[in-house]
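The structure file start.txt is reproduced below (compact mmCIF, C-alpha atoms and all ligand atoms).
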```
# COMPACT_ATOMS: atom_id res chain seq x y z
CA MET E 457 -64.36 126.29 -255.24
CA LYS E 458 -63.49 128.33 -252.16
CA ILE E 459 -67.12 128.94 -251.27
CA SER E 460 -68.01 125.28 -251.44
CA ARG E 461 -65.09 124.49 -249.19
CA ILE E 462 -66.27 127.05 -246.66
CA LEU E 463 -69.77 125.64 -246.83
CA LEU E 464 -68.41 122.17 -246.18
CA LEU E 465 -66.51 123.48 -243.17
CA VAL E 466 -69.58 125.21 -241.80
CA ALA E 467 -71.61 122.05 -242.24
CA LEU E 468 -68.96 120.02 -240.44
CA LEU E 469 -68.72 122.50 -237.61
CA SER E 470 -72.45 122.54 -237.02
CA LEU E 471 -72.45 118.75 -237.04
CA VAL E 472 -69.71 118.66 -234.43
CA HIS E 473 -71.48 121.31 -232.42
CA SER E 474 -74.78 119.46 -232.32
CA PHE E 475 -72.95 116.28 -231.37
CA ILE E 476 -71.30 118.04 -228.42
CA ALA E 477 -74.60 119.60 -227.40
CA THR E 478 -76.28 116.18 -227.38
CA ALA E 479 -73.49 114.62 -225.36
CA ALA E 480 -73.61 117.43 -222.83
CA GLU E 481 -77.27 116.72 -222.15
CA GLN E 482 -76.64 113.19 -220.97
CA PRO E 483 -75.28 113.59 -217.41
CA SER E 484 -77.68 113.10 -214.53
CA GLY E 485 -79.00 116.06 -212.61
CA ARG E 486 -81.40 117.04 -215.34
CA SER E 487 -85.11 117.08 -214.89
CA ILE E 488 -87.18 114.83 -217.07
CA LYS E 489 -90.90 114.96 -217.55
CA LEU E 490 -93.00 111.79 -217.51
CA GLY E 491 -96.66 112.54 -218.02
CA ASP E 492 -97.57 115.37 -215.65
CA LEU E 493 -94.69 114.69 -213.29
CA THR E 494 -91.19 116.08 -213.19
CA PHE E 495 -88.37 113.81 -212.07
CA SER E 496 -85.10 115.39 -210.92
CA ASN E 497 -82.94 112.78 -212.57
CA HIS E 498 -79.90 111.68 -210.57
CA GLY E 499 -79.29 108.50 -212.44
CA THR E 500 -80.43 104.91 -212.82
CA LYS E 501 -78.99 102.07 -210.75
CA ASP E 502 -79.20 98.39 -211.58
CA VAL E 503 -79.82 96.56 -208.30
CA LYS E 504 -80.62 93.10 -209.68
CA GLY E 505 -79.43 90.47 -207.24
CA GLN E 506 -78.90 92.98 -204.44
CA SER E 507 -80.78 92.91 -201.16
CA GLU E 508 -79.77 96.35 -199.90
CA LEU E 509 -79.16 99.78 -201.31
CA ASP E 510 -78.25 103.19 -199.93
CA LEU E 511 -80.53 105.84 -201.34
CA GLU E 512 -79.83 109.51 -200.95
CA ALA E 513 -82.58 112.03 -200.32
CA ASP E 514 -81.68 115.67 -200.82
CA ASN E 515 -83.16 118.97 -202.01
CA TYR E 516 -85.13 117.99 -204.09
CA TYR E 517 -84.33 114.60 -205.49
CA PHE E 518 -83.61 110.97 -204.79
CA GLY E 519 -80.25 109.58 -205.89
CA PRO E 520 -80.32 107.28 -207.68
CA THR E 521 -83.68 108.28 -209.07
CA PHE E 522 -84.49 105.11 -211.00
CA LEU E 523 -83.81 101.62 -209.62
CA ARG E 524 -83.84 98.63 -211.94
CA GLY E 525 -84.60 95.23 -210.45
CA THR E 526 -86.12 91.89 -211.30
CA PRO E 527 -89.91 91.41 -211.11
CA GLY E 528 -90.94 90.75 -207.50
CA GLN E 529 -87.47 91.45 -206.12
CA LYS E 530 -87.40 92.82 -202.60
CA LEU E 531 -84.90 95.44 -201.62
CA LYS E 532 -84.02 97.06 -198.33
CA LEU E 533 -83.46 100.77 -198.80
CA GLU E 534 -81.42 102.78 -196.36
CA ILE E 535 -82.55 106.26 -197.16
CA GLU E 536 -80.28 108.99 -195.87
CA ASN E 537 -81.39 112.58 -195.80
CA GLU E 538 -78.36 114.70 -196.67
CA SER E 539 -80.19 117.97 -196.27
CA GLY E 540 -81.52 120.13 -193.46
CA THR E 541 -85.03 119.71 -194.85
CA ARG E 542 -87.51 117.07 -193.79
CA HIS E 543 -88.20 114.65 -196.64
CA ASN E 544 -90.44 111.64 -197.13
CA PHE E 545 -90.55 108.33 -198.98
CA SER E 546 -93.92 107.14 -200.18
CA ILE E 547 -95.25 104.24 -202.24
CA PRO E 548 -98.99 104.14 -201.53
CA ASP E 549 -99.51 100.71 -203.13
CA GLN E 550 -96.90 99.27 -200.79
CA HIS E 551 -98.24 101.10 -197.73
CA LEU E 552 -95.11 103.16 -197.41
CA ASP E 553 -95.28 106.73 -196.14
CA VAL E 554 -92.20 107.45 -194.07
CA ASN E 555 -90.72 110.80 -193.10
CA ILE E 556 -86.97 111.24 -193.12
CA PRO E 557 -85.83 113.88 -190.62
CA PRO E 558 -83.08 116.37 -191.54
CA LYS E 559 -79.72 114.55 -191.58
CA GLY E 560 -81.61 111.40 -190.54
CA LYS E 561 -81.90 107.91 -191.94
CA VAL E 562 -84.75 105.45 -192.35
CA VAL E 563 -84.88 101.85 -193.55
CA VAL E 564 -87.76 100.59 -195.66
CA GLU E 565 -88.33 97.47 -197.70
CA ILE E 566 -89.70 97.84 -201.18
CA ALA E 567 -90.76 95.33 -203.80
CA PHE E 568 -90.38 95.61 -207.55
CA PRO E 569 -93.64 95.16 -209.46
CA SER E 570 -94.30 92.01 -211.50
CA SER E 571 -94.02 94.22 -214.57
CA GLY E 572 -93.73 97.87 -215.51
CA VAL E 573 -92.87 100.59 -213.04
CA VAL E 574 -93.85 101.84 -209.60
CA ARG E 575 -93.37 105.43 -208.60
CA PHE E 576 -91.91 106.53 -205.29
CA PHE E 577 -91.91 110.11 -204.14
CA CYS E 578 -91.48 112.61 -201.34
CA LYS E 579 -94.98 113.71 -200.46
CA PHE E 580 -93.75 117.18 -199.50
CA HIS E 581 -91.76 117.89 -202.65
CA SER E 582 -93.20 115.75 -205.43
CA ALA E 583 -94.18 118.91 -207.29
CA ARG E 584 -90.53 120.04 -207.17
CA GLY E 585 -89.35 116.92 -208.93
CA MET E 586 -88.70 114.70 -205.93
CA ASN E 587 -89.93 111.55 -207.63
CA GLY E 588 -88.39 108.25 -208.63
CA GLU E 589 -89.35 104.89 -210.05
CA LEU E 590 -88.77 101.19 -209.53
CA LEU E 591 -88.26 99.65 -212.97
CA SER E 592 -88.98 95.96 -213.38
CA GLY E 593 -86.98 93.98 -215.90
CA ASP E 594 -86.48 96.07 -219.02
CA ALA E 595 -89.14 98.66 -218.20
CA LYS E 596 -88.19 102.18 -219.18
CA PRO E 597 -88.92 105.23 -217.03
CA GLN E 598 -92.46 106.11 -217.99
CA ALA E 599 -95.53 108.04 -216.95
CA VAL E 600 -97.39 106.22 -214.21
CA SER E 601 -101.00 105.56 -214.96
CA PRO E 602 -103.61 105.90 -212.20
CA PRO E 603 -103.62 103.00 -209.72
CA GLU E 604 -104.97 99.80 -211.22
CA PRO E 605 -107.66 97.99 -209.25
CA GLN E 606 -106.09 94.56 -209.79
CA ILE E 607 -102.81 95.43 -208.10
CA VAL E 608 -101.74 92.55 -205.88
CA ARG E 609 -101.00 93.53 -202.31
CA VAL E 610 -97.54 92.63 -201.19
CA GLY E 611 -97.30 91.57 -197.57
CA ILE E 612 -94.68 93.98 -196.42
CA GLN E 613 -96.70 96.31 -194.20
CA ALA E 614 -94.86 95.23 -191.08
CA LEU E 615 -91.46 95.90 -192.63
CA GLY E 616 -92.40 99.21 -194.13
CA ARG E 617 -92.55 101.32 -191.03
CA ARG E 618 -89.57 100.16 -189.11
CA LYS E 619 -88.28 102.97 -186.93
CA THR E 620 -84.63 103.75 -186.39
CU CU E 701 -88.73 116.13 -199.91
```
Please render this file's structure as structure tokens.
Ligand SMILES: [Cu+2]
Amino acid sequence: MKISRILLLVALLSLVHSFIATAAEQPSGRSIKLGDLTFSNHGTKDVKGQSELDLEADNYYFGPTFLRGTPGQKLKLEIENESGTRHNFSIPDQHLDVNIPPKGKVVVEIAFPSSGVVRFFCKFHSARGMNGELLSGDAKPQAVSPPEPQIVRVGIQALGRRKT
């Protein structure tokens, strides 16, 4: 009788413990792996209906890391570099490759894809997890497949390289 009660207690405790462990893994700031790439995860932000967003660039992440918008939505990003390190914001398909000087700020305009996800990254620190994604509609963060040949060019070249 006593032993079974102890066993029950042990079982309960381990259940509680695993629950706490799972909950503790949820906050942002953890790295997640999508395909071959590591993403320093500093959260997901829903920007549907917004035209502007402040994005933080720091060592070595973008915050928020994942932006959720509607298919085709355009968004002006004010990217502020909080660090003393030079960073970069690149989306090759959208002709974006902009350096962000230490403690500096740049403004770029991005477009959400018609479906799925588009990756953005710092070309200097992508290998250290400085990656993020634009998520269209209900798309989940996912590994990005190699560029598809049928990608439609969005006419935002002129807006992409605005200098401050
Ligand atoms: Cu960087």
I'd like the neighbourhood of region 569-582 of chain E as a ChimeraX atom specification, where a residue qualifies if any of its atoms comes within 9 Å (using all atoms listed in the file), though same-chain residues fewer than 3 positions away should be ignored. /E:493-495,513,515-518,526-529,542-549,553-555,585-600
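Comparing E:His498, E:Lys489, E:Lys504, E:Arg584 by their smallest distance to ligand CU 701 (chain E), the closest is E:Arg584 (using only C-alpha atoms and all ligand atoms).
Closest to Gln550 (chain E) among E:Glu534, E:Asp502, E:Asp492, E:Glu565 is E:Glu565, based on only C-alpha atoms.
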Ranking E:Asp514, E:Lys559, E:Leu531, E:Val564 by minimum distance to ligand CU 701 (chain E) and counting all atoms listed in the file, which one comes first?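 Among the listed residues, E:Asp514 lies closest to ligand CU 701 (chain E).
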Would you be able to write out as number ranges by chain which residues have an atom within 10 Å of (-79.4, 101.1, -204.6) in the file's coordinates, counting only C-alpha atoms? E: 500-504, 506-512, 519-525, 531-535
To test the calculation: enclose all listed atoms of region 567-573 of chain E in a box whose edges run along x, y and z, add 5 Å on each side, then state centre and edge lengths in Å to one decimal, as JSON.
```
{"center_x": -92.3, "center_y": 96.3, "center_z": -209.7, "size_x": 13.9, "size_y": 18.6, "size_z": 21.7}
```
Gap from CA of Glu536 (chain E) to CA of Val562 (chain E) - Å, one decimal: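 Distance reported for this atom pair: 6.7 Å.
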With distances taken over only C-alpha atoms and all ligand atoms, which of E:Ser539, E:Val563, E:Leu552, E:Phe568 is nearest to ligand CU 701 (chain E)? E:Ser539
Which of E:Gly505, E:Gly491, E:Gly499, E:Pro558 sits closest to ligand CU 701 (chain E) [using all atoms listed in the file]: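 Among the listed residues, E:Pro558 lies closest to ligand CU 701 (chain E).
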If I take CA of Ser487 (chain E) and CA of His551 (chain E), how far is one from the other in Å, to one decimal?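 Between CA of Ser487 (chain E) and CA of His551 (chain E) the gap works out to 26.9 Å.
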Taking only C-alpha atoms and all ligand atoms into account, name the residue in E:Lys530, E:Ala583, E:Leu490, E:Ile566 that is nearest to ligand CU 701 (chain E). E:Ala583
